[in-house]
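**Student:** For reference, the file coords.cif (mmCIF, N, CA and C atoms) is included below:
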```
data_work
#
loop_
_atom_site.label_atom_id
_atom_site.label_comp_id
_atom_site.auth_asym_id
_atom_site.auth_seq_id
_atom_site.Cartn_x
_atom_site.Cartn_y
_atom_site.Cartn_z
N MET A 20 6.96 11.25 -14.89
CA MET A 20 5.73 11.86 -14.41
C MET A 20 5.80 11.96 -12.90
N ASP A 21 5.48 13.10 -12.40
CA ASP A 21 5.50 13.32 -10.97
C ASP A 21 4.38 12.58 -10.27
N ASN A 22 4.69 12.11 -9.07
CA ASN A 22 3.65 11.60 -8.17
C ASN A 22 3.02 12.79 -7.49
N THR A 23 1.75 12.67 -7.18
CA THR A 23 1.15 13.64 -6.28
C THR A 23 0.77 12.89 -5.02
N GLU A 24 0.70 13.62 -3.94
CA GLU A 24 0.34 13.02 -2.66
C GLU A 24 -0.78 13.82 -2.03
N ILE A 25 -1.68 13.09 -1.41
CA ILE A 25 -2.74 13.72 -0.62
C ILE A 25 -2.79 12.94 0.70
N SER A 26 -2.82 13.67 1.80
CA SER A 26 -2.86 13.05 3.12
C SER A 26 -4.11 13.48 3.87
N PHE A 27 -4.65 12.56 4.66
CA PHE A 27 -5.85 12.85 5.44
C PHE A 27 -5.99 11.80 6.54
N ARG A 28 -6.82 12.10 7.52
CA ARG A 28 -7.06 11.16 8.62
C ARG A 28 -8.26 10.29 8.31
N VAL A 29 -8.16 9.02 8.69
CA VAL A 29 -9.28 8.09 8.55
C VAL A 29 -10.37 8.53 9.52
N ARG A 30 -11.57 8.69 9.01
CA ARG A 30 -12.71 9.08 9.84
C ARG A 30 -13.38 7.85 10.44
N TYR A 31 -14.02 8.04 11.56
CA TYR A 31 -14.67 6.95 12.28
C TYR A 31 -15.68 6.22 11.40
N GLY A 32 -16.45 6.97 10.62
CA GLY A 32 -17.48 6.39 9.78
C GLY A 32 -16.95 5.54 8.63
N GLU A 33 -15.65 5.58 8.40
CA GLU A 33 -15.03 4.78 7.33
C GLU A 33 -14.56 3.41 7.83
N THR A 34 -14.79 3.16 9.12
CA THR A 34 -14.26 1.93 9.72
C THR A 34 -15.38 0.98 10.16
N ASP A 35 -14.98 -0.26 10.40
CA ASP A 35 -15.92 -1.24 10.93
C ASP A 35 -15.85 -1.22 12.46
N GLN A 36 -16.49 -2.18 13.12
CA GLN A 36 -16.52 -2.20 14.58
C GLN A 36 -15.15 -2.43 15.21
N MET A 37 -14.20 -2.90 14.42
CA MET A 37 -12.84 -3.13 14.94
C MET A 37 -11.93 -1.94 14.70
N GLY A 38 -12.48 -0.86 14.12
CA GLY A 38 -11.68 0.33 13.85
C GLY A 38 -10.84 0.20 12.59
N VAL A 39 -11.12 -0.80 11.75
CA VAL A 39 -10.38 -1.03 10.51
C VAL A 39 -11.17 -0.42 9.35
N VAL A 40 -10.46 0.25 8.44
CA VAL A 40 -11.12 0.86 7.29
C VAL A 40 -11.81 -0.22 6.46
N TYR A 41 -13.09 -0.01 6.19
CA TYR A 41 -13.87 -0.90 5.33
C TYR A 41 -13.28 -0.85 3.93
N HIS A 42 -13.10 -2.01 3.32
CA HIS A 42 -12.38 -2.09 2.04
C HIS A 42 -13.01 -1.25 0.94
N GLY A 43 -14.31 -1.07 0.96
CA GLY A 43 -14.98 -0.29 -0.07
C GLY A 43 -14.59 1.19 -0.08
N ASN A 44 -14.07 1.68 1.04
CA ASN A 44 -13.67 3.08 1.10
C ASN A 44 -12.39 3.38 0.33
N TYR A 45 -11.61 2.36 0.04
CA TYR A 45 -10.36 2.59 -0.68
C TYR A 45 -10.61 3.17 -2.07
N ALA A 46 -11.71 2.80 -2.72
CA ALA A 46 -12.02 3.35 -4.04
C ALA A 46 -12.18 4.87 -3.96
N GLN A 47 -12.78 5.35 -2.86
CA GLN A 47 -12.92 6.80 -2.68
C GLN A 47 -11.57 7.45 -2.43
N TYR A 48 -10.70 6.77 -1.69
CA TYR A 48 -9.35 7.31 -1.45
C TYR A 48 -8.60 7.45 -2.78
N LEU A 49 -8.76 6.45 -3.66
CA LEU A 49 -8.10 6.51 -4.97
C LEU A 49 -8.66 7.66 -5.79
N GLU A 50 -9.96 7.84 -5.72
CA GLU A 50 -10.58 8.96 -6.44
C GLU A 50 -10.02 10.29 -5.95
N MET A 51 -9.86 10.44 -4.66
CA MET A 51 -9.30 11.67 -4.11
C MET A 51 -7.90 11.91 -4.67
N GLY A 52 -7.10 10.85 -4.72
CA GLY A 52 -5.75 10.96 -5.26
C GLY A 52 -5.75 11.34 -6.73
N ARG A 53 -6.63 10.71 -7.49
CA ARG A 53 -6.71 10.95 -8.94
C ARG A 53 -7.17 12.37 -9.24
N VAL A 54 -8.18 12.85 -8.52
CA VAL A 54 -8.68 14.21 -8.73
C VAL A 54 -7.60 15.23 -8.42
N GLU A 55 -6.85 15.00 -7.36
CA GLU A 55 -5.78 15.94 -7.01
C GLU A 55 -4.62 15.86 -8.00
N TRP A 56 -4.33 14.67 -8.53
CA TRP A 56 -3.30 14.54 -9.56
C TRP A 56 -3.69 15.37 -10.77
N LEU A 57 -4.93 15.22 -11.23
CA LEU A 57 -5.40 15.99 -12.38
C LEU A 57 -5.37 17.49 -12.09
N ARG A 58 -5.82 17.87 -10.89
CA ARG A 58 -5.81 19.28 -10.52
C ARG A 58 -4.39 19.84 -10.57
N GLY A 59 -3.43 19.04 -10.11
CA GLY A 59 -2.03 19.45 -10.15
C GLY A 59 -1.50 19.67 -11.56
N MET A 60 -2.12 19.02 -12.54
CA MET A 60 -1.75 19.19 -13.94
C MET A 60 -2.55 20.31 -14.60
N GLY A 61 -3.42 20.97 -13.82
CA GLY A 61 -4.23 22.04 -14.36
C GLY A 61 -5.49 21.54 -15.05
N ILE A 62 -5.93 20.32 -14.67
CA ILE A 62 -7.11 19.71 -15.27
C ILE A 62 -8.18 19.57 -14.19
N SER A 63 -9.33 20.17 -14.41
CA SER A 63 -10.41 20.13 -13.44
C SER A 63 -11.45 19.09 -13.86
N TYR A 64 -11.75 18.16 -12.95
CA TYR A 64 -12.82 17.18 -13.20
C TYR A 64 -14.12 17.90 -13.51
N LYS A 65 -14.40 18.92 -12.74
CA LYS A 65 -15.65 19.67 -12.91
C LYS A 65 -15.71 20.29 -14.31
N ALA A 66 -14.61 20.91 -14.74
CA ALA A 66 -14.57 21.53 -16.08
C ALA A 66 -14.69 20.47 -17.17
N LEU A 67 -14.08 19.30 -16.95
CA LEU A 67 -14.21 18.22 -17.93
C LEU A 67 -15.68 17.85 -18.11
N GLU A 68 -16.35 17.62 -16.99
CA GLU A 68 -17.76 17.23 -17.05
C GLU A 68 -18.62 18.33 -17.67
N GLU A 69 -18.33 19.58 -17.35
CA GLU A 69 -19.08 20.68 -17.93
C GLU A 69 -18.88 20.78 -19.44
N SER A 70 -17.72 20.30 -19.93
CA SER A 70 -17.45 20.33 -21.37
C SER A 70 -17.95 19.06 -22.08
N GLY A 71 -18.60 18.16 -21.33
CA GLY A 71 -19.17 16.97 -21.94
C GLY A 71 -18.29 15.74 -21.93
N ILE A 72 -17.23 15.78 -21.12
CA ILE A 72 -16.32 14.63 -21.02
C ILE A 72 -16.48 14.00 -19.65
N ILE A 73 -16.72 12.70 -19.63
CA ILE A 73 -16.78 11.98 -18.36
C ILE A 73 -15.70 10.91 -18.36
N LEU A 74 -15.31 10.49 -17.17
CA LEU A 74 -14.24 9.50 -17.01
C LEU A 74 -14.70 8.36 -16.10
N PRO A 75 -15.53 7.45 -16.61
CA PRO A 75 -15.94 6.33 -15.76
C PRO A 75 -14.78 5.36 -15.53
N VAL A 76 -14.74 4.79 -14.34
CA VAL A 76 -13.75 3.76 -14.02
C VAL A 76 -14.19 2.47 -14.72
N ILE A 77 -13.28 1.87 -15.48
CA ILE A 77 -13.61 0.61 -16.16
C ILE A 77 -12.83 -0.56 -15.58
N SER A 78 -11.83 -0.26 -14.76
CA SER A 78 -11.08 -1.32 -14.09
C SER A 78 -10.48 -0.77 -12.79
N LEU A 79 -10.54 -1.58 -11.75
CA LEU A 79 -10.01 -1.20 -10.44
C LEU A 79 -9.40 -2.43 -9.80
N THR A 80 -8.13 -2.33 -9.45
CA THR A 80 -7.42 -3.41 -8.77
C THR A 80 -6.78 -2.84 -7.52
N ILE A 81 -7.03 -3.49 -6.38
CA ILE A 81 -6.40 -3.07 -5.12
C ILE A 81 -5.77 -4.30 -4.48
N ASN A 82 -4.51 -4.16 -4.10
CA ASN A 82 -3.81 -5.21 -3.36
C ASN A 82 -3.60 -4.70 -1.94
N PHE A 83 -4.30 -5.32 -0.99
CA PHE A 83 -4.22 -4.90 0.40
C PHE A 83 -3.02 -5.55 1.07
N LYS A 84 -2.25 -4.75 1.78
CA LYS A 84 -1.05 -5.23 2.46
C LYS A 84 -1.20 -5.21 3.98
N LYS A 85 -1.82 -4.15 4.47
CA LYS A 85 -1.95 -3.93 5.91
C LYS A 85 -3.18 -3.05 6.14
N SER A 86 -3.83 -3.20 7.27
CA SER A 86 -5.06 -2.45 7.54
C SER A 86 -4.78 -0.99 7.90
N ALA A 87 -5.62 -0.11 7.35
CA ALA A 87 -5.65 1.27 7.81
C ALA A 87 -6.65 1.30 8.97
N LEU A 88 -6.35 2.09 9.98
CA LEU A 88 -7.15 2.13 11.19
C LEU A 88 -7.73 3.52 11.44
N TYR A 89 -8.77 3.57 12.25
CA TYR A 89 -9.37 4.83 12.63
C TYR A 89 -8.30 5.79 13.14
N ASP A 90 -8.36 7.03 12.68
CA ASP A 90 -7.50 8.14 13.06
C ASP A 90 -6.09 8.05 12.50
N ASP A 91 -5.78 7.02 11.70
CA ASP A 91 -4.48 6.99 11.01
C ASP A 91 -4.41 8.16 10.04
N LEU A 92 -3.24 8.74 9.95
CA LEU A 92 -2.98 9.72 8.90
C LEU A 92 -2.46 8.92 7.71
N ILE A 93 -3.23 8.89 6.64
CA ILE A 93 -2.80 8.11 5.48
C ILE A 93 -2.48 9.04 4.32
N THR A 94 -1.58 8.56 3.48
CA THR A 94 -1.14 9.30 2.31
C THR A 94 -1.37 8.45 1.07
N VAL A 95 -2.02 9.04 0.08
CA VAL A 95 -2.24 8.38 -1.20
C VAL A 95 -1.29 9.01 -2.21
N GLN A 96 -0.39 8.19 -2.76
CA GLN A 96 0.49 8.64 -3.84
C GLN A 96 -0.13 8.19 -5.16
N THR A 97 -0.23 9.11 -6.10
CA THR A 97 -0.86 8.82 -7.38
C THR A 97 0.10 9.18 -8.50
N SER A 98 0.18 8.29 -9.50
CA SER A 98 1.01 8.57 -10.67
C SER A 98 0.31 8.06 -11.93
N LEU A 99 0.62 8.70 -13.03
CA LEU A 99 0.09 8.29 -14.32
C LEU A 99 0.91 7.11 -14.83
N LYS A 100 0.24 6.05 -15.25
CA LYS A 100 0.92 4.84 -15.71
C LYS A 100 1.56 5.03 -17.09
N LYS A 101 0.80 5.59 -18.03
CA LYS A 101 1.30 5.81 -19.39
C LYS A 101 0.50 6.92 -20.05
N LEU A 102 0.98 7.37 -21.19
CA LEU A 102 0.31 8.43 -21.92
C LEU A 102 -1.11 8.00 -22.28
N PRO A 103 -2.12 8.81 -21.96
CA PRO A 103 -3.50 8.41 -22.25
C PRO A 103 -3.84 8.51 -23.73
N LEU A 104 -4.66 7.57 -24.18
CA LEU A 104 -5.21 7.60 -25.53
C LEU A 104 -6.73 7.71 -25.41
N VAL A 105 -7.42 6.58 -25.36
CA VAL A 105 -8.85 6.56 -25.08
C VAL A 105 -9.05 6.26 -23.59
N LYS A 106 -8.05 5.64 -23.00
CA LYS A 106 -8.07 5.30 -21.57
C LYS A 106 -6.96 6.08 -20.87
N ILE A 107 -7.16 6.29 -19.57
CA ILE A 107 -6.12 6.89 -18.74
C ILE A 107 -5.94 5.97 -17.54
N GLU A 108 -4.68 5.62 -17.26
CA GLU A 108 -4.37 4.64 -16.21
C GLU A 108 -3.53 5.28 -15.11
N PHE A 109 -3.92 4.98 -13.87
CA PHE A 109 -3.21 5.51 -12.71
C PHE A 109 -2.74 4.38 -11.82
N ASP A 110 -1.57 4.57 -11.21
CA ASP A 110 -1.07 3.69 -10.16
C ASP A 110 -1.09 4.46 -8.85
N TYR A 111 -1.31 3.72 -7.76
CA TYR A 111 -1.42 4.33 -6.43
C TYR A 111 -0.66 3.51 -5.41
N LYS A 112 -0.19 4.19 -4.40
CA LYS A 112 0.34 3.55 -3.19
C LYS A 112 -0.26 4.30 -2.01
N ILE A 113 -0.73 3.55 -1.02
CA ILE A 113 -1.32 4.15 0.16
C ILE A 113 -0.46 3.76 1.36
N PHE A 114 -0.01 4.78 2.10
CA PHE A 114 0.87 4.58 3.26
C PHE A 114 0.21 5.14 4.51
N ASN A 115 0.61 4.59 5.67
CA ASN A 115 0.21 5.21 6.93
C ASN A 115 1.31 6.17 7.36
N GLU A 116 1.13 6.80 8.52
CA GLU A 116 2.10 7.81 8.96
C GLU A 116 3.43 7.20 9.38
N ARG A 117 3.50 5.88 9.54
CA ARG A 117 4.76 5.20 9.83
C ARG A 117 5.45 4.75 8.54
N ASN A 118 4.92 5.24 7.41
CA ASN A 118 5.42 4.93 6.07
C ASN A 118 5.32 3.44 5.73
N GLU A 119 4.34 2.75 6.34
CA GLU A 119 4.08 1.35 6.02
C GLU A 119 3.11 1.31 4.83
N LEU A 120 3.43 0.47 3.85
CA LEU A 120 2.55 0.33 2.69
C LEU A 120 1.29 -0.40 3.10
N LEU A 121 0.15 0.26 2.94
CA LEU A 121 -1.14 -0.34 3.28
C LEU A 121 -1.77 -1.02 2.07
N ALA A 122 -1.59 -0.42 0.89
CA ALA A 122 -2.19 -0.98 -0.32
C ALA A 122 -1.51 -0.37 -1.53
N ASP A 123 -1.52 -1.13 -2.62
CA ASP A 123 -1.19 -0.55 -3.91
C ASP A 123 -2.37 -0.84 -4.83
N ALA A 124 -2.54 0.02 -5.81
CA ALA A 124 -3.74 -0.09 -6.64
C ALA A 124 -3.49 0.43 -8.04
N HIS A 125 -4.43 0.12 -8.92
CA HIS A 125 -4.36 0.54 -10.32
C HIS A 125 -5.79 0.77 -10.80
N THR A 126 -6.01 1.89 -11.48
CA THR A 126 -7.32 2.13 -12.09
C THR A 126 -7.15 2.45 -13.56
N VAL A 127 -8.18 2.10 -14.32
CA VAL A 127 -8.27 2.47 -15.73
C VAL A 127 -9.60 3.19 -15.90
N LEU A 128 -9.55 4.37 -16.49
CA LEU A 128 -10.75 5.14 -16.77
C LEU A 128 -10.81 5.38 -18.28
N ALA A 129 -12.02 5.50 -18.81
CA ALA A 129 -12.20 5.75 -20.23
C ALA A 129 -12.69 7.17 -20.44
N PHE A 130 -12.16 7.83 -21.45
CA PHE A 130 -12.69 9.12 -21.86
C PHE A 130 -13.98 8.85 -22.63
N MET A 131 -15.06 9.47 -22.17
CA MET A 131 -16.37 9.26 -22.80
C MET A 131 -17.02 10.60 -23.12
N ASP A 132 -17.67 10.65 -24.28
CA ASP A 132 -18.50 11.80 -24.65
C ASP A 132 -19.83 11.61 -23.93
N SER A 133 -20.16 12.50 -23.02
CA SER A 133 -21.36 12.31 -22.19
C SER A 133 -22.66 12.44 -23.00
N LYS A 134 -22.65 13.19 -24.08
CA LYS A 134 -23.86 13.35 -24.89
C LYS A 134 -24.11 12.13 -25.78
N LYS A 135 -23.04 11.60 -26.35
CA LYS A 135 -23.16 10.44 -27.25
C LYS A 135 -23.04 9.11 -26.51
N ASN A 136 -22.55 9.18 -25.26
CA ASN A 136 -22.30 7.98 -24.46
C ASN A 136 -21.39 7.00 -25.21
N LYS A 137 -20.33 7.58 -25.81
CA LYS A 137 -19.38 6.78 -26.59
C LYS A 137 -17.96 7.14 -26.17
N PRO A 138 -17.05 6.16 -26.26
CA PRO A 138 -15.64 6.45 -25.97
C PRO A 138 -15.10 7.50 -26.94
N MET A 139 -14.11 8.23 -26.47
CA MET A 139 -13.49 9.26 -27.29
C MET A 139 -11.99 9.31 -27.00
N LYS A 140 -11.26 9.91 -27.90
CA LYS A 140 -9.82 10.10 -27.73
C LYS A 140 -9.57 11.14 -26.63
N CYS A 141 -8.49 10.96 -25.92
CA CYS A 141 -8.10 11.96 -24.92
C CYS A 141 -7.95 13.31 -25.61
N PRO A 142 -8.61 14.34 -25.09
CA PRO A 142 -8.53 15.66 -25.72
C PRO A 142 -7.09 16.20 -25.75
N ASP A 143 -6.75 16.86 -26.85
CA ASP A 143 -5.41 17.41 -27.03
C ASP A 143 -5.04 18.37 -25.91
N GLU A 144 -6.03 19.12 -25.39
CA GLU A 144 -5.74 20.08 -24.31
C GLU A 144 -5.19 19.36 -23.08
N ILE A 145 -5.70 18.16 -22.83
CA ILE A 145 -5.22 17.38 -21.68
C ILE A 145 -3.82 16.85 -21.96
N LEU A 146 -3.61 16.33 -23.15
CA LEU A 146 -2.29 15.82 -23.51
C LEU A 146 -1.22 16.90 -23.39
N GLN A 147 -1.57 18.13 -23.75
CA GLN A 147 -0.64 19.23 -23.65
C GLN A 147 -0.27 19.56 -22.21
N LYS A 148 -1.20 19.34 -21.30
CA LYS A 148 -0.96 19.66 -19.89
C LYS A 148 -0.17 18.58 -19.17
N ILE A 149 -0.22 17.36 -19.70
CA ILE A 149 0.48 16.24 -19.06
C ILE A 149 1.90 16.21 -19.56
N ASN A 150 2.82 16.31 -18.64
CA ASN A 150 4.23 16.32 -18.98
C ASN A 150 4.78 14.91 -18.85
N PHE A 151 4.38 14.03 -19.75
CA PHE A 151 4.79 12.62 -19.67
C PHE A 151 6.16 12.46 -20.31
N PRO A 152 7.10 11.79 -19.64
CA PRO A 152 8.44 11.64 -20.21
C PRO A 152 8.41 10.74 -21.45
N THR A 153 9.18 11.12 -22.45
CA THR A 153 9.30 10.29 -23.64
C THR A 153 10.50 9.37 -23.51
N ILE A 154 10.38 8.20 -24.12
CA ILE A 154 11.48 7.21 -24.02
C ILE A 154 12.34 7.29 -25.26
#
```
Could you spell out this file's structure in C-alpha cells?

**Tutor:**
Amino acid sequence: MDNTEISFRVRYGETDQMGVVYHGNYAQYLEMGRVEWLRGMGISYKALEESGIILPVISLTINFKKSALYDDLITVQTSLKKLPLVKIEFDYKIFNERNELLADAHTVLAFMDSKKNKPMKCPDEILQKINFPTI
C-alpha cells in the first residue's frame, strides 16, 4: 500500500507560548493525512457522509519524539495498516523539514451507518478502490 504525504507549515495559532505545537493539534494533522490518503484512492469523505457512512475515530495513539515548532514545514506520511473490514486502521509518521521524526501514530476508525447509528462492513466500492497487497 502506498504512503501518501501532505506537507504544510505550522501556524502560530497551533502553538503554545514557547512556539511548540500544542499536542491536541496532532489529531487534526492525522485527520488531514487520512483524508488525503482516502482522496488519493478516489474516496471522498464528503461523498461517504452524503451516502450515510461515517467514520468515527475509536482509537488514537500518538508517540511524541520531538517537538514541532512554529513555522516548521511538517510532513505527515499516512499508510493503511491492513485491509478494512468493519474498522479501518492507519499508521502515520510526522517529520519536520530536516527529516527528523517528530511523532508516529495509529488510528482506528469504524464504518458506521449514520441513520441506524450502527457499525457496518466496509462497503465493497471502497474495497475495490484500495489496492492492498495480498500475502

**Student:** Using the chain letters and numbers from this document, which residues of segment 34-145 of chain A does DSSP assign to alpha helix (DSSP H), as an NGL selection string?

**Tutor:** :A and (45-59 or 64-69 or 143-145)

**Student:** Report as JSON, numbers by chain all protein, DNA and RNA residues lying within 12 Å of Ala122 of chain A, evaluated on only C-alpha atoms, omitting residues in the same chain fewer than 6 positions from it.

**Tutor:** {"A": [40, 42, 45, 46, 48, 49, 80, 81, 82, 83, 84, 85, 86, 87, 93, 94, 95, 96, 110, 111, 112, 113, 114, 115]}

**Student:** Quick check, in Å to one decimal: how far apart do atom CA of Glu33 of chain A and atom CA of Lys100 of chain A lie?

**Tutor:**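 A separation of 28.0 Å between them.
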
**Student:** So that I can check the secondary structure, give me every residue of chain A assigned strand (DSSP E or B) by backbone DSSP, as a short mmCIF file (atom, residue, chain, number, x, y, z; two decimals) with N, CA and C atoms, keeping the file's coordinate frame.

**Tutor:**
```
data_model
loop_
_atom_site.label_atom_id
_atom_site.label_comp_id
_atom_site.auth_asym_id
_atom_site.auth_seq_id
_atom_site.Cartn_x
_atom_site.Cartn_y
_atom_site.Cartn_z
N THR A 23 1.75 12.67 -7.18
CA THR A 23 1.15 13.64 -6.28
C THR A 23 0.77 12.89 -5.02
N GLU A 24 0.70 13.62 -3.94
CA GLU A 24 0.34 13.02 -2.66
C GLU A 24 -0.78 13.82 -2.03
N ILE A 25 -1.68 13.09 -1.41
CA ILE A 25 -2.74 13.72 -0.62
C ILE A 25 -2.79 12.94 0.70
N SER A 26 -2.82 13.67 1.80
CA SER A 26 -2.86 13.05 3.12
C SER A 26 -4.11 13.48 3.87
N PHE A 27 -4.65 12.56 4.66
CA PHE A 27 -5.85 12.85 5.44
C PHE A 27 -5.99 11.80 6.54
N ARG A 28 -6.82 12.10 7.52
CA ARG A 28 -7.06 11.16 8.62
C ARG A 28 -8.26 10.29 8.31
N THR A 34 -14.79 3.16 9.12
CA THR A 34 -14.26 1.93 9.72
C THR A 34 -15.38 0.98 10.16
N VAL A 39 -11.12 -0.80 11.75
CA VAL A 39 -10.38 -1.03 10.51
C VAL A 39 -11.17 -0.42 9.35
N VAL A 40 -10.46 0.25 8.44
CA VAL A 40 -11.12 0.86 7.29
C VAL A 40 -11.81 -0.22 6.46
N ILE A 72 -17.23 15.78 -21.12
CA ILE A 72 -16.32 14.63 -21.02
C ILE A 72 -16.48 14.00 -19.65
N ILE A 73 -16.72 12.70 -19.63
CA ILE A 73 -16.78 11.98 -18.36
C ILE A 73 -15.70 10.91 -18.36
N VAL A 76 -14.74 4.79 -14.34
CA VAL A 76 -13.75 3.76 -14.02
C VAL A 76 -14.19 2.47 -14.72
N ILE A 77 -13.28 1.87 -15.48
CA ILE A 77 -13.61 0.61 -16.16
C ILE A 77 -12.83 -0.56 -15.58
N SER A 78 -11.83 -0.26 -14.76
CA SER A 78 -11.08 -1.32 -14.09
C SER A 78 -10.48 -0.77 -12.79
N LEU A 79 -10.54 -1.58 -11.75
CA LEU A 79 -10.01 -1.20 -10.44
C LEU A 79 -9.40 -2.43 -9.80
N THR A 80 -8.13 -2.33 -9.45
CA THR A 80 -7.42 -3.41 -8.77
C THR A 80 -6.78 -2.84 -7.52
N ILE A 81 -7.03 -3.49 -6.38
CA ILE A 81 -6.40 -3.07 -5.12
C ILE A 81 -5.77 -4.30 -4.48
N ASN A 82 -4.51 -4.16 -4.10
CA ASN A 82 -3.81 -5.21 -3.36
C ASN A 82 -3.60 -4.70 -1.94
N PHE A 83 -4.30 -5.32 -0.99
CA PHE A 83 -4.22 -4.90 0.40
C PHE A 83 -3.02 -5.55 1.07
N LEU A 88 -6.35 2.09 9.98
CA LEU A 88 -7.15 2.13 11.19
C LEU A 88 -7.73 3.52 11.44
N LEU A 92 -3.24 8.74 9.95
CA LEU A 92 -2.98 9.72 8.90
C LEU A 92 -2.46 8.92 7.71
N ILE A 93 -3.23 8.89 6.64
CA ILE A 93 -2.80 8.11 5.48
C ILE A 93 -2.48 9.04 4.32
N THR A 94 -1.58 8.56 3.48
CA THR A 94 -1.14 9.30 2.31
C THR A 94 -1.37 8.45 1.07
N VAL A 95 -2.02 9.04 0.08
CA VAL A 95 -2.24 8.38 -1.20
C VAL A 95 -1.29 9.01 -2.21
N GLN A 96 -0.39 8.19 -2.76
CA GLN A 96 0.49 8.64 -3.84
C GLN A 96 -0.13 8.19 -5.16
N THR A 97 -0.23 9.11 -6.10
CA THR A 97 -0.86 8.82 -7.38
C THR A 97 0.10 9.18 -8.50
N SER A 98 0.18 8.29 -9.50
CA SER A 98 1.01 8.57 -10.67
C SER A 98 0.31 8.06 -11.93
N LEU A 99 0.62 8.70 -13.03
CA LEU A 99 0.09 8.29 -14.32
C LEU A 99 0.91 7.11 -14.83
N LYS A 106 -8.05 5.64 -23.00
CA LYS A 106 -8.07 5.30 -21.57
C LYS A 106 -6.96 6.08 -20.87
N ILE A 107 -7.16 6.29 -19.57
CA ILE A 107 -6.12 6.89 -18.74
C ILE A 107 -5.94 5.97 -17.54
N GLU A 108 -4.68 5.62 -17.26
CA GLU A 108 -4.37 4.64 -16.21
C GLU A 108 -3.53 5.28 -15.11
N PHE A 109 -3.92 4.98 -13.87
CA PHE A 109 -3.21 5.51 -12.71
C PHE A 109 -2.74 4.38 -11.82
N ASP A 110 -1.57 4.57 -11.21
CA ASP A 110 -1.07 3.69 -10.16
C ASP A 110 -1.09 4.46 -8.85
N TYR A 111 -1.31 3.72 -7.76
CA TYR A 111 -1.42 4.33 -6.43
C TYR A 111 -0.66 3.51 -5.41
N LYS A 112 -0.19 4.19 -4.40
CA LYS A 112 0.34 3.55 -3.19
C LYS A 112 -0.26 4.30 -2.01
N ILE A 113 -0.73 3.55 -1.02
CA ILE A 113 -1.32 4.15 0.16
C ILE A 113 -0.46 3.76 1.36
N PHE A 114 -0.01 4.78 2.10
CA PHE A 114 0.87 4.58 3.26
C PHE A 114 0.21 5.14 4.51
N LEU A 120 3.43 0.47 3.85
CA LEU A 120 2.55 0.33 2.69
C LEU A 120 1.29 -0.40 3.10
N LEU A 121 0.15 0.26 2.94
CA LEU A 121 -1.14 -0.34 3.28
C LEU A 121 -1.77 -1.02 2.07
N ALA A 122 -1.59 -0.42 0.89
CA ALA A 122 -2.19 -0.98 -0.32
C ALA A 122 -1.51 -0.37 -1.53
N ASP A 123 -1.52 -1.13 -2.62
CA ASP A 123 -1.19 -0.55 -3.91
C ASP A 123 -2.37 -0.84 -4.83
N ALA A 124 -2.54 0.02 -5.81
CA ALA A 124 -3.74 -0.09 -6.64
C ALA A 124 -3.49 0.43 -8.04
N HIS A 125 -4.43 0.12 -8.92
CA HIS A 125 -4.36 0.54 -10.32
C HIS A 125 -5.79 0.77 -10.80
N THR A 126 -6.01 1.89 -11.48
CA THR A 126 -7.32 2.13 -12.09
C THR A 126 -7.15 2.45 -13.56
N VAL A 127 -8.18 2.10 -14.32
CA VAL A 127 -8.27 2.47 -15.73
C VAL A 127 -9.60 3.19 -15.90
N LEU A 128 -9.55 4.37 -16.49
CA LEU A 128 -10.75 5.14 -16.77
C LEU A 128 -10.81 5.38 -18.28
N ALA A 129 -12.02 5.50 -18.81
CA ALA A 129 -12.20 5.75 -20.23
C ALA A 129 -12.69 7.17 -20.44
N MET A 131 -15.06 9.47 -22.17
CA MET A 131 -16.37 9.26 -22.80
C MET A 131 -17.02 10.60 -23.12
N ASP A 132 -17.67 10.65 -24.28
CA ASP A 132 -18.50 11.80 -24.65
C ASP A 132 -19.83 11.61 -23.93
N LYS A 137 -20.33 7.58 -25.81
CA LYS A 137 -19.38 6.78 -26.59
C LYS A 137 -17.96 7.14 -26.17
N PRO A 138 -17.05 6.16 -26.26
CA PRO A 138 -15.64 6.45 -25.97
C PRO A 138 -15.10 7.50 -26.94
#
```

**Student:** Env of Met37 of chain A: 8 Å cut, atoms = only N, CA and C atoms, seq-sep filter 2 positions within chain, self excluded. Answer as a list in words.

**Tutor:**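 Listed by chain and then number, they are Thr34, Asp35, Val39, Val40, Leu88 and Tyr89 of chain A.
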
**Student:** Which polymer residues have any atom within 9 Å of an atom of segment 22-24 of chain A, counting only C-alpha atoms, with same-chain residues fewer than 3 positions away left out, as a list of chain:residue names?

**Tutor:**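 Everything that qualifies: A:Gly52, A:Arg53, A:Glu55, A:Trp56, A:Gly59, A:Thr94, A:Val95, A:Gln96, A:Thr97, A:Ser98, A:Leu99.
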
**Student:** Give me a file of those residues, with N, CA and C atoms, as a compact mmCIF listing (two decimals), in the coordinates of the input.

**Tutor:**
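Wrote part15.txt, looks like this:
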```txt
# COMPACT_ATOMS: atom_id res chain seq x y z
N GLY A 52 -7.10 10.85 -4.72
CA GLY A 52 -5.75 10.96 -5.26
C GLY A 52 -5.75 11.34 -6.73
N ARG A 53 -6.63 10.71 -7.49
CA ARG A 53 -6.71 10.95 -8.94
C ARG A 53 -7.17 12.37 -9.24
N GLU A 55 -6.85 15.00 -7.36
CA GLU A 55 -5.78 15.94 -7.01
C GLU A 55 -4.62 15.86 -8.00
N TRP A 56 -4.33 14.67 -8.53
CA TRP A 56 -3.30 14.54 -9.56
C TRP A 56 -3.69 15.37 -10.77
N GLY A 59 -3.43 19.04 -10.11
CA GLY A 59 -2.03 19.45 -10.15
C GLY A 59 -1.50 19.67 -11.56
N THR A 94 -1.58 8.56 3.48
CA THR A 94 -1.14 9.30 2.31
C THR A 94 -1.37 8.45 1.07
N VAL A 95 -2.02 9.04 0.08
CA VAL A 95 -2.24 8.38 -1.20
C VAL A 95 -1.29 9.01 -2.21
N GLN A 96 -0.39 8.19 -2.76
CA GLN A 96 0.49 8.64 -3.84
C GLN A 96 -0.13 8.19 -5.16
N THR A 97 -0.23 9.11 -6.10
CA THR A 97 -0.86 8.82 -7.38
C THR A 97 0.10 9.18 -8.50
N SER A 98 0.18 8.29 -9.50
CA SER A 98 1.01 8.57 -10.67
C SER A 98 0.31 8.06 -11.93
N LEU A 99 0.62 8.70 -13.03
CA LEU A 99 0.09 8.29 -14.32
C LEU A 99 0.91 7.11 -14.83
```

**Student:** Figure out the distance between atom C of Gly38 of chain A and atom C of Asp90 of chain A, please, to one decimal in Å.

**Tutor:**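 Between these atoms lies a distance of 9.2 Å.
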